[in-house]
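Have a look at final_29.txt below; it lists compact mmCIF, C-alpha atoms and all ligand atoms.
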```txt
# COMPACT_ATOMS: atom_id res chain seq x y z
CA MET A 10 26.94 19.69 -1.50
CA SER A 11 27.41 20.57 2.16
CA ASN A 12 28.81 17.97 4.51
CA SER A 13 29.75 19.22 7.96
CA SER A 14 30.32 17.77 11.43
CA GLY A 15 27.51 18.70 13.84
CA ALA A 16 27.62 19.08 17.64
CA THR A 17 27.64 15.28 17.95
CA GLY A 18 30.77 15.06 15.83
CA LYS A 19 28.89 12.95 13.26
CA ARG A 20 28.78 13.84 9.56
CA GLN A 21 25.83 16.06 8.75
CA PHE A 22 24.38 16.56 5.30
CA SER A 23 22.02 19.25 4.14
CA ALA A 24 18.41 18.08 3.74
CA ALA A 25 17.98 20.50 0.81
CA ASP A 26 20.88 18.86 -1.06
CA LEU A 27 19.50 15.36 -0.43
CA LYS A 28 16.04 16.43 -1.50
CA LYS A 29 17.49 17.63 -4.81
CA VAL A 30 19.17 14.24 -5.33
CA CYS A 31 15.88 12.41 -4.68
CA LEU A 32 13.76 14.59 -6.97
CA GLU A 33 16.36 14.50 -9.76
CA SER A 34 16.40 10.71 -9.46
CA GLY A 35 12.65 10.54 -10.10
CA ALA A 36 10.90 10.67 -6.70
CA ASP A 37 7.74 12.83 -6.71
CA ASP A 38 8.14 14.10 -3.15
CA VAL A 39 10.47 13.49 -0.22
CA GLY A 40 10.77 14.05 3.53
CA PHE A 41 13.33 13.20 6.23
CA VAL A 42 12.93 11.52 9.62
CA ASP A 43 15.51 11.03 12.39
CA ILE A 44 15.76 7.55 13.88
CA ASP A 45 15.65 8.83 17.49
CA ARG A 46 12.25 10.44 17.11
CA GLU A 47 9.77 9.49 19.84
CA ALA A 48 7.06 8.50 17.34
CA LEU A 49 9.36 5.81 15.92
CA GLN A 50 9.68 3.90 19.19
CA ARG A 51 7.79 0.87 17.87
CA GLU A 52 9.40 1.08 14.43
CA ARG A 53 13.04 1.34 15.52
CA GLU A 54 13.64 -2.38 16.07
CA GLY A 55 12.54 -3.30 12.52
CA ILE A 56 14.48 -0.44 10.95
CA LEU A 57 17.70 -1.28 12.81
CA LYS A 58 17.30 -4.95 11.99
CA VAL A 59 17.29 -4.12 8.28
CA TYR A 60 20.17 -1.63 8.61
CA PRO A 61 21.81 -1.31 12.04
CA LEU A 62 23.68 1.90 11.10
CA THR A 63 20.50 3.84 10.29
CA ARG A 64 20.63 7.46 11.49
CA SER A 65 18.01 8.97 9.17
CA ILE A 66 15.18 7.78 6.97
CA ILE A 67 14.42 9.32 3.59
CA SER A 68 10.73 8.86 2.86
CA VAL A 69 9.93 9.01 -0.85
CA ILE A 70 6.76 8.74 -2.90
CA LYS A 71 5.95 7.87 -6.50
CA VAL A 72 2.65 8.91 -8.06
CA MET A 73 0.42 6.38 -9.84
CA ASN A 74 -1.97 7.21 -12.65
CA ARG A 75 -5.34 7.95 -11.06
CA GLU A 76 -7.54 6.70 -13.89
CA ASN A 77 -5.81 3.30 -13.98
CA LEU A 78 -6.59 2.82 -10.31
CA GLN A 79 -10.20 3.87 -10.82
CA SER A 80 -10.87 1.55 -13.74
CA SER A 81 -13.33 -1.27 -13.12
CA ALA A 82 -10.97 -3.39 -15.26
CA ARG A 83 -8.96 -4.35 -12.20
CA TYR A 84 -6.12 -5.99 -14.12
CA ILE A 85 -5.35 -2.47 -15.40
CA SER A 86 -5.17 -1.24 -11.80
CA SER A 87 -2.98 -4.17 -10.67
CA ASP A 88 -0.63 -3.52 -13.56
CA GLU A 89 -0.29 0.13 -12.52
CA TYR A 90 0.72 -0.96 -9.00
CA HIS A 91 3.33 -3.34 -10.37
CA SER A 92 4.69 -1.13 -13.15
CA VAL A 93 5.05 1.94 -10.93
CA GLY A 94 6.47 -0.33 -8.24
CA ASP A 95 9.24 -1.48 -10.60
CA GLU A 96 10.00 2.10 -11.64
CA PHE A 97 10.03 3.15 -7.98
CA ALA A 98 12.46 0.38 -7.00
CA GLY A 99 14.83 1.69 -9.70
CA ILE A 100 14.47 5.23 -8.37
CA GLY A 101 15.38 4.09 -4.83
CA ARG A 102 18.51 2.40 -6.12
CA ARG A 103 19.43 5.44 -8.21
CA ILE A 104 19.09 7.70 -5.16
CA LEU A 105 21.26 5.43 -3.07
CA ARG A 106 23.97 5.19 -5.73
CA ARG A 107 24.17 8.98 -5.84
CA LEU A 108 24.29 9.13 -2.05
CA ASN A 109 27.09 6.54 -2.09
CA GLN A 110 29.10 8.97 -4.21
CA LEU A 111 28.70 11.53 -1.41
CA GLY A 112 29.96 9.02 1.14
CA ILE A 113 26.53 8.08 2.50
CA ARG A 114 25.75 4.37 2.88
CA GLY A 115 22.32 2.82 3.33
CA VAL A 116 19.63 0.32 2.36
CA VAL A 117 16.60 0.57 0.07
CA PRO A 118 14.00 -1.75 1.61
CA THR A 119 11.28 -3.41 -0.44
CA LYS A 120 8.22 -1.27 -1.00
CA SER A 121 6.04 -4.25 -0.04
CA TRP A 122 6.85 -7.71 -1.49
CA PRO A 123 8.97 -9.73 -0.91
CA MET A 124 8.63 -9.90 2.88
CA ASP A 125 9.94 -12.27 5.58
CA LEU A 126 7.74 -15.36 5.26
CA ASN A 127 9.65 -17.12 8.05
CA ARG A 128 7.38 -15.08 10.31
CA TRP A 129 4.14 -15.88 8.49
CA PRO A 130 1.34 -15.72 9.64
CA GLY A 131 2.72 -13.01 11.95
CA LYS A 132 3.95 -9.54 11.02
CA ILE A 133 6.16 -10.22 8.02
CA TRP A 134 7.40 -6.70 7.26
CA ASP A 135 10.05 -4.70 9.15
CA ILE A 136 9.46 -1.18 7.88
CA SER A 137 6.05 0.49 8.04
CA HIS A 138 6.29 2.99 5.20
CA LYS A 139 2.96 4.60 6.16
CA ILE A 140 4.27 5.62 9.59
CA LEU A 141 7.52 6.96 8.14
CA ALA A 142 5.77 8.90 5.36
CA THR A 143 3.45 10.44 7.94
CA GLU A 144 6.38 11.42 10.14
CA ALA A 145 8.14 12.83 7.06
CA GLY A 146 5.22 15.20 6.49
CA LEU A 147 4.26 13.62 3.15
CA GLY A 148 0.65 13.01 4.16
CA GLN A 149 -1.73 11.73 6.80
CA MET A 150 -3.62 8.44 6.93
CA GLY A 151 -7.23 8.93 5.91
CA LEU A 152 -10.28 6.91 6.91
CA ASN A 153 -9.15 4.36 4.29
CA ARG A 154 -5.84 3.84 6.24
CA ILE A 155 -3.94 5.01 3.17
CA VAL A 156 -1.43 7.89 3.41
CA LEU A 157 -3.05 10.80 1.60
CA HIS A 158 -0.69 13.33 0.07
CA PRO A 159 -1.98 16.93 0.03
CA LYS A 160 -1.43 17.15 -3.74
CA TYR A 161 -1.63 13.58 -5.07
CA GLY A 162 -4.07 12.14 -2.50
CA SER A 163 -4.18 8.35 -2.24
CA PHE A 164 -2.56 7.73 -5.64
CA ILE A 165 0.96 7.29 -4.32
CA GLN A 166 3.30 4.47 -3.43
CA LEU A 167 5.69 4.81 -0.51
CA ASN A 168 9.22 3.74 0.22
CA SER A 169 11.79 4.58 2.91
CA ILE A 170 15.53 4.69 2.34
CA LEU A 171 17.61 4.02 5.45
CA ILE A 172 20.89 5.97 5.59
CA ASP A 173 23.84 6.23 7.97
CA ALA A 174 24.08 10.07 7.91
CA ASP A 175 22.65 12.75 10.16
CA LEU A 176 20.88 15.62 8.42
CA GLY A 177 20.95 19.30 9.36
CA GLU A 178 17.15 19.41 9.54
CA TYR A 179 14.21 17.01 9.53
CA SER A 180 10.59 17.11 8.36
CA ARG A 181 7.57 17.27 10.67
CA PRO A 182 4.12 15.66 10.28
CA LEU A 183 1.40 17.70 8.55
CA THR A 184 -0.88 19.50 10.94
CA GLU A 185 -3.96 19.01 8.74
CA SER A 186 -5.24 15.80 7.18
CA PRO A 187 -6.09 15.82 3.47
CA CYS A 188 -8.99 13.41 4.26
CA LEU A 189 -12.30 15.06 3.28
CA LYS A 190 -14.35 12.74 5.53
CA CYS A 191 -16.60 12.03 2.55
CA HIS A 192 -16.83 8.29 3.47
CA LEU A 193 -16.69 7.22 -0.17
CA CYS A 194 -14.02 4.66 0.81
CA ALA A 195 -16.40 3.08 3.34
CA ALA A 196 -19.26 3.16 0.84
CA VAL A 197 -17.28 1.33 -1.86
CA CYS A 198 -15.48 -1.20 0.39
CA PRO A 199 -17.09 -4.55 -0.53
CA THR A 200 -16.07 -6.25 2.73
CA GLY A 201 -16.88 -3.54 5.27
CA ALA A 202 -13.17 -3.41 6.25
CA ILE A 203 -13.51 0.37 6.35
CA SER A 204 -16.21 1.94 8.44
CA LYS A 205 -16.48 5.36 9.99
CA ASP A 206 -17.07 3.99 13.49
CA GLU A 207 -14.79 0.98 13.75
CA PRO A 208 -11.05 0.31 13.31
CA PHE A 209 -9.79 -1.04 9.98
CA ASP A 210 -10.61 -4.77 9.63
CA PHE A 211 -7.34 -6.31 8.44
CA PHE A 212 -8.72 -9.82 7.88
CA ALA A 213 -11.80 -8.62 5.96
CA CYS A 214 -9.56 -6.73 3.54
CA SER A 215 -6.78 -9.30 3.17
CA THR A 216 -9.15 -12.28 2.72
CA HIS A 217 -10.70 -10.59 -0.32
CA CYS A 218 -8.05 -8.30 -1.79
CA TYR A 219 -5.27 -10.88 -1.32
CA ARG A 220 -7.34 -13.83 -2.52
CA ASP A 221 -4.69 -14.61 -5.13
CA ASN A 222 -1.74 -13.92 -2.85
CA MET A 223 -0.35 -16.21 -0.12
CA ILE A 224 -3.65 -16.35 1.77
CA GLY A 225 -5.59 -17.74 -1.18
CA PHE A 226 -2.59 -19.75 -2.36
CA GLN A 227 -2.47 -21.77 0.84
CA LYS A 228 -6.20 -22.45 0.58
CA TRP A 229 -5.68 -23.53 -3.02
CA ILE A 230 -3.02 -26.08 -2.10
CA GLU A 231 -5.23 -27.42 0.70
CA THR A 232 -8.14 -27.66 -1.73
CA ILE A 233 -6.10 -29.58 -4.30
CA ILE A 234 -4.92 -32.03 -1.66
CA SER A 235 -8.24 -32.52 0.07
CA SER A 236 -10.56 -32.69 -2.97
CA LYS A 237 -11.46 -36.30 -3.73
CA ASP A 238 -12.01 -35.63 -7.44
CA MET A 239 -12.19 -32.88 -10.08
CA ALA A 240 -15.88 -32.30 -9.40
CA GLU A 241 -15.14 -31.47 -5.77
CA TYR A 242 -12.14 -29.29 -6.72
CA ARG A 243 -14.29 -27.36 -9.23
CA SER A 244 -17.04 -26.87 -6.65
CA ARG A 245 -14.45 -25.06 -4.50
CA TYR A 246 -12.31 -23.35 -7.17
CA ASN A 247 -14.07 -22.61 -10.44
CA ASP A 248 -12.05 -22.27 -13.64
CA SER A 249 -11.86 -18.48 -13.38
CA GLU A 250 -10.41 -18.74 -9.86
CA THR A 251 -7.83 -21.28 -10.99
CA ALA A 252 -6.92 -18.96 -13.87
CA PHE A 253 -6.58 -16.02 -11.46
CA LEU A 254 -4.03 -17.98 -9.41
CA TRP A 255 -2.11 -18.90 -12.55
CA GLN A 256 -2.09 -15.22 -13.54
CA SER A 257 -0.88 -14.11 -10.11
CA LEU A 258 1.91 -16.67 -10.14
CA MET A 259 2.97 -15.84 -13.71
CA PHE A 260 2.60 -12.07 -13.73
CA ARG A 261 2.51 -11.07 -10.04
CA ILE A 262 -0.49 -10.71 -7.78
CA SER A 263 -3.84 -9.71 -9.22
CA TYR A 264 -5.23 -7.44 -6.51
CA ARG A 265 -8.95 -8.16 -6.25
CA CYS A 266 -9.78 -4.72 -4.91
CA GLY A 267 -8.04 -1.45 -3.91
CA TYR A 268 -11.35 0.38 -4.41
CA CYS A 269 -10.72 2.53 -1.32
CA VAL A 270 -7.74 4.05 -3.13
CA GLY A 271 -9.54 4.51 -6.46
CA VAL A 272 -12.54 6.42 -5.14
CA CYS A 273 -10.70 8.69 -2.70
CA PRO A 274 -11.07 12.37 -3.69
CA ALA A 275 -8.33 13.66 -1.37
CA GLY A 276 -5.53 15.66 -3.00
CA GLU A 277 -5.64 18.87 -5.03
CA GLU A 278 -7.01 17.66 -8.38
CA PRO A 279 -9.37 14.88 -7.23
CA LYS A 280 -10.75 17.19 -4.53
CA ALA A 281 -11.51 19.94 -7.06
CA LEU A 282 -13.24 17.42 -9.35
CA TYR A 283 -15.27 15.99 -6.48
CA LEU A 284 -16.32 19.32 -4.99
CA HIS A 285 -17.18 20.71 -8.41
CA ASP A 286 -19.89 18.06 -8.96
CA LYS A 287 -20.21 15.39 -6.27
CA ALA A 288 -23.04 13.52 -8.01
CA ALA A 289 -21.09 13.26 -11.26
CA TYR A 290 -17.96 12.11 -9.40
CA ILE A 291 -19.93 9.40 -7.60
CA GLN A 292 -21.55 8.29 -10.84
CA ARG A 293 -18.25 8.17 -12.73
CA VAL A 294 -15.84 6.90 -10.07
CA LEU A 295 -17.73 5.10 -7.31
CA LYS A 296 -20.69 3.46 -9.08
CA PRO A 297 -18.76 1.32 -11.61
CA LEU A 298 -16.77 -0.25 -8.76
CA GLN A 299 -19.76 -0.60 -6.46
CA ASP A 300 -21.88 -2.14 -9.24
CA LYS A 301 -19.22 -4.43 -10.64
CA ALA A 302 -20.52 -8.00 -10.60
CA GLU A 303 -17.73 -10.07 -9.03
CA PRO A 304 -17.03 -12.53 -6.24
CA VAL A 305 -16.24 -11.13 -2.79
CA TYR A 306 -14.29 -13.48 -0.50
CA VAL A 307 -15.17 -13.53 3.20
CA LEU A 308 -14.57 -15.65 6.28
CA ALA A 309 -17.62 -17.61 7.49
CA GLY A 310 -19.60 -15.79 10.16
CA SER A 311 -17.48 -12.64 9.92
CA LYS A 312 -18.73 -9.06 9.83
CA ALA A 313 -17.37 -9.01 6.30
CA GLU A 314 -19.89 -11.69 5.31
CA THR A 315 -22.76 -9.53 6.55
CA ALA A 316 -21.31 -6.43 4.89
CA ALA A 317 -20.70 -8.14 1.53
CA LYS A 318 -24.22 -9.58 1.43
CA ARG A 319 -25.68 -6.06 1.53
CA ASN A 320 -24.63 -5.45 -2.07
CA PRO A 321 -26.75 -7.62 -4.43
CA LYS A 322 -24.27 -7.04 -7.27
CA LYS A 323 -21.57 -9.04 -5.45
CA GLN A 324 -21.38 -12.81 -5.30
CA VAL A 325 -20.36 -13.61 -1.71
CA LYS A 326 -17.99 -16.57 -1.43
CA ILE A 327 -17.13 -18.08 1.93
CA VAL A 328 -13.52 -19.22 2.18
C1 LIG B 1 0.34 -5.16 5.78
C2 LIG B 1 -0.04 -4.36 4.57
C3 LIG B 1 -1.33 -4.52 4.09
C4 LIG B 1 -2.39 -5.32 4.86
C5 LIG B 1 -2.90 -4.45 6.04
C6 LIG B 1 -3.23 -3.01 5.63
C7 LIG B 1 -3.05 -2.02 6.77
N1 LIG B 1 -3.95 -1.06 6.85
O1 LIG B 1 -2.12 -2.11 7.54
C8 LIG B 1 -3.43 -5.61 3.73
C9 LIG B 1 -3.13 -6.95 3.11
C10 LIG B 1 -4.88 -5.63 4.20
C11 LIG B 1 -3.11 -4.50 2.73
C12 LIG B 1 -3.97 -4.06 1.77
C13 LIG B 1 -3.71 -3.00 0.93
N2 LIG B 1 -2.53 -2.34 0.79
CO1 LIG B 1 -0.98 -2.68 1.87
N3 LIG B 1 0.60 -2.83 2.85
C14 LIG B 1 0.87 -3.48 3.95
C15 LIG B 1 2.31 -3.17 4.40
C16 LIG B 1 3.19 -4.38 4.07
C17 LIG B 1 2.45 -2.81 5.87
C18 LIG B 1 1.35 -1.84 6.36
C19 LIG B 1 1.58 -1.42 7.79
O2 LIG B 1 2.63 -0.90 8.09
N4 LIG B 1 0.58 -1.63 8.67
C20 LIG B 1 0.68 -1.33 10.08
C21 LIG B 1 0.11 0.05 10.39
C22 LIG B 1 1.03 1.17 9.98
O3 LIG B 1 -1.10 0.20 9.67
P1 LIG B 1 -2.40 0.61 10.41
O4 LIG B 1 -3.45 0.77 9.35
O5 LIG B 1 -2.16 1.72 11.33
O6 LIG B 1 -2.64 -0.68 11.34
C23 LIG B 1 -3.34 -1.80 10.92
C24 LIG B 1 -2.58 -3.11 10.94
O7 LIG B 1 -1.80 -3.19 12.08
C25 LIG B 1 -3.75 -4.10 10.95
N5 LIG B 1 -3.67 -5.30 11.77
C26 LIG B 1 -4.44 -5.53 12.78
N6 LIG B 1 -4.22 -6.76 13.26
C27 LIG B 1 -3.28 -7.33 12.51
C28 LIG B 1 -2.72 -8.59 12.59
C29 LIG B 1 -1.73 -8.96 11.68
C30 LIG B 1 -1.14 -10.34 11.73
C31 LIG B 1 -1.30 -8.02 10.72
C32 LIG B 1 -0.26 -8.39 9.74
C33 LIG B 1 -1.89 -6.71 10.68
C34 LIG B 1 -2.90 -6.42 11.57
O8 LIG B 1 -4.87 -3.36 11.44
C35 LIG B 1 -4.43 -2.08 11.88
C36 LIG B 1 -5.57 -1.11 11.86
O9 LIG B 1 -5.73 -0.46 10.66
C37 LIG B 1 2.67 -1.90 3.52
C38 LIG B 1 4.12 -1.89 2.97
C39 LIG B 1 5.06 -1.52 4.07
N7 LIG B 1 6.07 -2.28 4.27
O10 LIG B 1 4.85 -0.52 4.74
C40 LIG B 1 1.64 -1.95 2.36
C41 LIG B 1 0.94 -0.65 2.00
C42 LIG B 1 0.41 -0.02 3.25
N8 LIG B 1 -0.19 -1.11 1.20
C43 LIG B 1 -0.53 -0.31 0.28
C44 LIG B 1 -1.65 -0.52 -0.58
C45 LIG B 1 -1.75 0.40 -1.78
C46 LIG B 1 -2.59 -1.53 -0.31
C47 LIG B 1 -3.85 -1.88 -1.11
C48 LIG B 1 -4.54 -0.80 -1.88
C49 LIG B 1 -3.52 -3.13 -1.99
C50 LIG B 1 -3.89 -3.08 -3.43
N9 LIG B 1 -2.92 -2.76 -4.26
O11 LIG B 1 -5.00 -3.31 -3.83
C51 LIG B 1 -4.77 -2.42 0.03
C52 LIG B 1 -5.50 -1.26 0.76
C53 LIG B 1 -5.99 -1.63 2.13
C54 LIG B 1 -6.14 -0.45 3.08
N10 LIG B 1 -7.17 0.34 2.91
O12 LIG B 1 -5.29 -0.29 3.98
C55 LIG B 1 0.41 0.89 0.18
C56 LIG B 1 -0.25 2.16 0.72
C57 LIG B 1 0.25 3.44 0.02
C58 LIG B 1 -0.24 4.67 0.74
N11 LIG B 1 -0.37 5.75 0.00
O13 LIG B 1 -0.49 4.67 1.92
C59 LIG B 1 1.64 0.39 1.06
C60 LIG B 1 2.35 1.46 1.88
C61 LIG B 1 2.63 -0.25 0.06
C62 LIG B 1 3.53 0.81 -0.58
N12 LIG B 1 4.82 0.75 -0.34
O14 LIG B 1 3.11 1.71 -1.26
N13 LIG B 1 -1.85 -3.98 2.95
S1 LIG B 2 -12.53 8.49 0.53
FE1 LIG B 2 -13.06 10.37 1.69
S2 LIG B 2 -13.21 9.65 3.83
FE2 LIG B 2 -12.15 8.05 2.67
S3 LIG B 2 -9.99 8.53 3.01
FE3 LIG B 2 -10.58 9.48 1.08
S4 LIG B 2 -11.18 11.57 1.64
FE4 LIG B 2 -11.11 10.39 3.52
S1 LIG B 3 -8.80 -2.88 -0.61
FE1 LIG B 3 -10.99 -3.27 -0.90
S2 LIG B 3 -11.55 -4.63 0.80
FE2 LIG B 3 -9.58 -3.69 1.31
S3 LIG B 3 -10.15 -1.90 2.52
FE3 LIG B 3 -9.90 -1.22 0.39
S4 LIG B 3 -11.99 -1.31 -0.44
FE4 LIG B 3 -12.00 -2.52 1.42
```
What's the structure tokens form of this structure?
Ligand code: B12
Ligand code: SF4
Ligand code: SF4
Amino acid sequence: MSNSSGATGKRQFSAADLKKVCLESGADDVGFVDIDREALQREREGILKVYPLTRSIISVIKVMNRENLQSSARYISSDEYHSVGDEFAGIGRRILRRLNQLGIRGVVPTKSWPMDLNRWPGKIWDISHKILATEAGLGQMGLNRIVLHPKYGSFIQLNSILIDADLGEYSRPLTESPCLKCHLCAAVCPTGAISKDEPFDFFACSTHCYRDNMIGFQKWIETIISSKDMAEYRSRYNDSETAFLWQSLMFRISYRCGYCVGVCPAGEEPKALYLHDKAAYIQRVLKPLQDKAEPVYVLAGSKAETAAKRNPKKQVKIV
């Protein structure tokens, strides 16, 4: 392991050595970003709040199983997010322990939850892993606003390890996006959050996909308090919806969607499958999600309401 003092007099470690540590610890790919980089101007405050001594950021990814995320049995997809998330958290800690042995200190932030709910309903996270992964050359955001890795496409989770060491060299963003511009993500999105002409609609996505997370949970509490009897409660939350909330509280959030990840054919293998026979890919991957009969949650009078009503297979529910 090389550890030298650079022109600044600070300890410098070799990126190649650190990469080896990360891959041996179980990460599927890795890149390095320096804290002073111009593109991190808006991110620096959050990063330094979490770990004031940050000099470099190690961006790591963990691959999820594609077919789980494509299944129309969405509890199978949710479980993949959670199970890989747990494994990934362990990998981050393993990496940091090995770095500690080299004299490097740092912090492994959460991959997503928990976040700082003191700031709710504002921006509750400090580290934007998508921006760091992009800067680390691990992928580019596609039309679906997901970081697409050139090999694994959208089927990856991201995390960023903040460390106090300078590295001899840093990664650079990819010059080409893996996005195929096929628009399958827009076609499958039940709320119209993704469209080829307009920016990503945060509220359309979160109202539906996070129905059983804090957004839906608050509505649930309000409904319980304001319903005058069981009949009124049941008219607003049917038994399946109550059960969904129980499941999310007991076993962690049931994501209602994530279809834009499942259908995306970016990345080596999915791209080959898609280009080999587009019609078959659409039939096998997109149609079961598009045709799944299920509720879609939208805000009254929103563009999402109009978009959701276009698909007769979906039961539009105003929240
Ligand atoms: C906030 C958040 C969400 C929000 C917003 C998504 C978004 N595009 O930003 C909601 C709840 C909608 C969401 C949904 C999902 N998410 Co999410 N999410 C995050 C989180 C915590 C921060 C994302 C972020 O940095 N956004 C800001 C910038 C970078 O994103 P942006 O697209 O350029 O900007 C948008 C936001 O600013 C938003 N916006 C606009 N106005 C407002 C107002 C407020 C108050 C807020 C909060 C945001 C907001 O609109 C902008 C335009 O797109 C990260 C974890 C993390 N700490 O990084 C995971 C993360 C991005 N999510 C992820 C995933 C997988 C999902 C879901 C598939 C959930 C699921 N399992 O079903 C969906 C996919 C939605 C999609 N197509 O983007 C993964 C993505 C992995 C990857 N390969 O890129 C991440 C990185 C988690 C992880 N560690 O792996 N997510
Ligand atoms: S589904 Fe197609 S358009 Fe959407 S992000 Fe993936 S490759 Fe790009
Ligand atoms: S998670 Fe669902 S609602 Fe959100 S952007 Fe993706 S497809 Fe659309």
At most 6 Å is the cut-off: for each residue in chain A with any atom that close to an atom of ligand LIG 1 (chain B), write down the nearest atom pair and the distance in Å rounded to one decimal, counting all atoms listed in the file, chain first then increasing number, as JSON lines.
```
{"residue": "A:Lys120", "atom": "CA", "partner": "B:LIG1", "partner_atom": "N12", "distance": 4.0}
{"residue": "A:Ser121", "atom": "CA", "partner": "B:LIG1", "partner_atom": "C38", "distance": 4.3}
{"residue": "A:Gly131", "atom": "CA", "partner": "B:LIG1", "partner_atom": "C30", "distance": 4.7}
{"residue": "A:Lys132", "atom": "CA", "partner": "B:LIG1", "partner_atom": "C32", "distance": 4.5}
{"residue": "A:Trp134", "atom": "CA", "partner": "B:LIG1", "partner_atom": "N7", "distance": 5.5}
{"residue": "A:Ile136", "atom": "CA", "partner": "B:LIG1", "partner_atom": "N7", "distance": 5.1}
{"residue": "A:Ser137", "atom": "CA", "partner": "B:LIG1", "partner_atom": "O10", "distance": 3.7}
{"residue": "A:His138", "atom": "CA", "partner": "B:LIG1", "partner_atom": "O10", "distance": 3.8}
{"residue": "A:Lys139", "atom": "CA", "partner": "B:LIG1", "partner_atom": "C60", "distance": 5.3}
{"residue": "A:Ile140", "atom": "CA", "partner": "B:LIG1", "partner_atom": "C22", "distance": 5.5}
{"residue": "A:Asn153", "atom": "CA", "partner": "B:LIG1", "partner_atom": "N10", "distance": 4.7}
{"residue": "A:Arg154", "atom": "CA", "partner": "B:LIG1", "partner_atom": "O12", "distance": 4.7}
{"residue": "A:Ile155", "atom": "CA", "partner": "B:LIG1", "partner_atom": "O13", "distance": 3.7}
{"residue": "A:Val156", "atom": "CA", "partner": "B:LIG1", "partner_atom": "O13", "distance": 3.7}
{"residue": "A:Leu157", "atom": "CA", "partner": "B:LIG1", "partner_atom": "N11", "distance": 5.9}
{"residue": "A:Ser163", "atom": "CA", "partner": "B:LIG1", "partner_atom": "N11", "distance": 5.1}
{"residue": "A:Ile165", "atom": "CA", "partner": "B:LIG1", "partner_atom": "N11", "distance": 4.8}
{"residue": "A:Gln166", "atom": "CA", "partner": "B:LIG1", "partner_atom": "O14", "distance": 3.5}
{"residue": "A:Leu167", "atom": "CA", "partner": "B:LIG1", "partner_atom": "O14", "distance": 4.1}
{"residue": "A:Asn168", "atom": "CA", "partner": "B:LIG1", "partner_atom": "N12", "distance": 5.3}
{"residue": "A:Pro208", "atom": "CA", "partner": "B:LIG1", "partner_atom": "C36", "distance": 5.8}
{"residue": "A:Phe209", "atom": "CA", "partner": "B:LIG1", "partner_atom": "O9", "distance": 4.2}
{"residue": "A:Phe211", "atom": "CA", "partner": "B:LIG1", "partner_atom": "O8", "distance": 4.9}
{"residue": "A:Cys214", "atom": "CA", "partner": "B:LIG1", "partner_atom": "C10", "distance": 4.9}
{"residue": "A:Ser215", "atom": "CA", "partner": "B:LIG1", "partner_atom": "C10", "distance": 4.3}
{"residue": "A:Tyr264", "atom": "CA", "partner": "B:LIG1", "partner_atom": "O11", "distance": 4.9}
{"residue": "A:Cys266", "atom": "CA", "partner": "B:LIG1", "partner_atom": "O11", "distance": 5.1}
{"residue": "A:Gly267", "atom": "CA", "partner": "B:LIG1", "partner_atom": "O11", "distance": 3.6}
{"residue": "A:Cys269", "atom": "CA", "partner": "B:LIG1", "partner_atom": "N10", "distance": 5.9}
{"residue": "A:Val270", "atom": "CA", "partner": "B:LIG1", "partner_atom": "C48", "distance": 5.9}
```
Shell of 6 Å around Ser65 in chain A, all atoms listed in the file, local chain residues under 4 positions omitted, as JSON, numbers by chain: {"A": [42, 43, 44, 172]}
Export of prior selection with C-alpha atoms as a PDB file, keeping the file's coordinate frame:
```pdb
ATOM      1  CA  VAL A  42      12.930  11.520   9.620  1.00  0.00           C
ATOM      2  CA  ASP A  43      15.510  11.030  12.390  1.00  0.00           C
ATOM      3  CA  ILE A  44      15.760   7.550  13.880  1.00  0.00           C
ATOM      4  CA  ILE A 172      20.890   5.970   5.590  1.00  0.00           C
TER       5      ILE A 172
END
```
Pick out the residues sitting within 9 Å of Tyr84 in chain A, and hand them over as an mmCIF file with C-alpha atoms, in the coordinates of the input; count only C-alpha atoms, and ignore anything fewer than 4 positions along from it in its own chain.
```
data_model
loop_
_atom_site.group_PDB
_atom_site.id
_atom_site.type_symbol
_atom_site.label_atom_id
_atom_site.label_comp_id
_atom_site.auth_asym_id
_atom_site.auth_seq_id
_atom_site.Cartn_x
_atom_site.Cartn_y
_atom_site.Cartn_z
ATOM 1 C CA SER A 80 -10.870 1.550 -13.740
ATOM 2 C CA ASP A 88 -0.630 -3.520 -13.560
ATOM 3 C CA GLU A 89 -0.290 0.130 -12.520
ATOM 4 C CA SER A 263 -3.840 -9.710 -9.220
ATOM 5 C CA TYR A 264 -5.230 -7.440 -6.510
ATOM 6 C CA ARG A 265 -8.950 -8.160 -6.250
#
```
Environment of ligand LIG 2 (chain B) within 8 Å, counting only C-alpha atoms and all ligand atoms, reported as a list in words: Met150, Gly151, Leu152, Asn153, Arg154, Ile155, Leu157, Gly162, Ser163, Pro187, Cys188, Leu189, Lys190, Cys191, His192, Leu193, Cys194, Ala195, Cys269, Val270, Val272, Cys273, Pro274 and Ala275 of chain A
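If all atoms listed in the file are the atoms counted, then among A:Leu126, A:Asp135, A:Tyr179, A:Arg114 the closest residue to Glu52 in chain A is A:Asp135.
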Computed interatomic separation between CA of Asp173 in chain A and CA of Arg64 in chain A (Å):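 Computing the Euclidean distance for CA of Asp173 in chain A and CA of Arg64 in chain A yields 4.9 Å.
Each of A:Ser249, A:Thr119, A:Ser86, A:Gln21 was checked against ligand LIG 3 (chain B) using all atoms listed in the file; the smallest atom-to-atom distance is that of A:Ser86.
When only C-alpha atoms are used to measure the gap to Ser34 in chain A, the shortest distance among A:Phe22, A:Glu144, A:Met259, A:Lys71 belongs to A:Lys71.
Close contacts of Phe226 in chain A, defined as residues with an atom at most 12 Å away when counting all atoms listed in the file, with chain neighbours fewer than 4 positions off set aside, comprise Thr216, Tyr219, Arg220, Asp221, Asn222, Ile230, Glu231, Thr232, Ile233, Tyr246, Glu250, Thr251, Phe253, Leu254, Trp255, Ser257, Leu258, Ile262 and Val328 of chain A.
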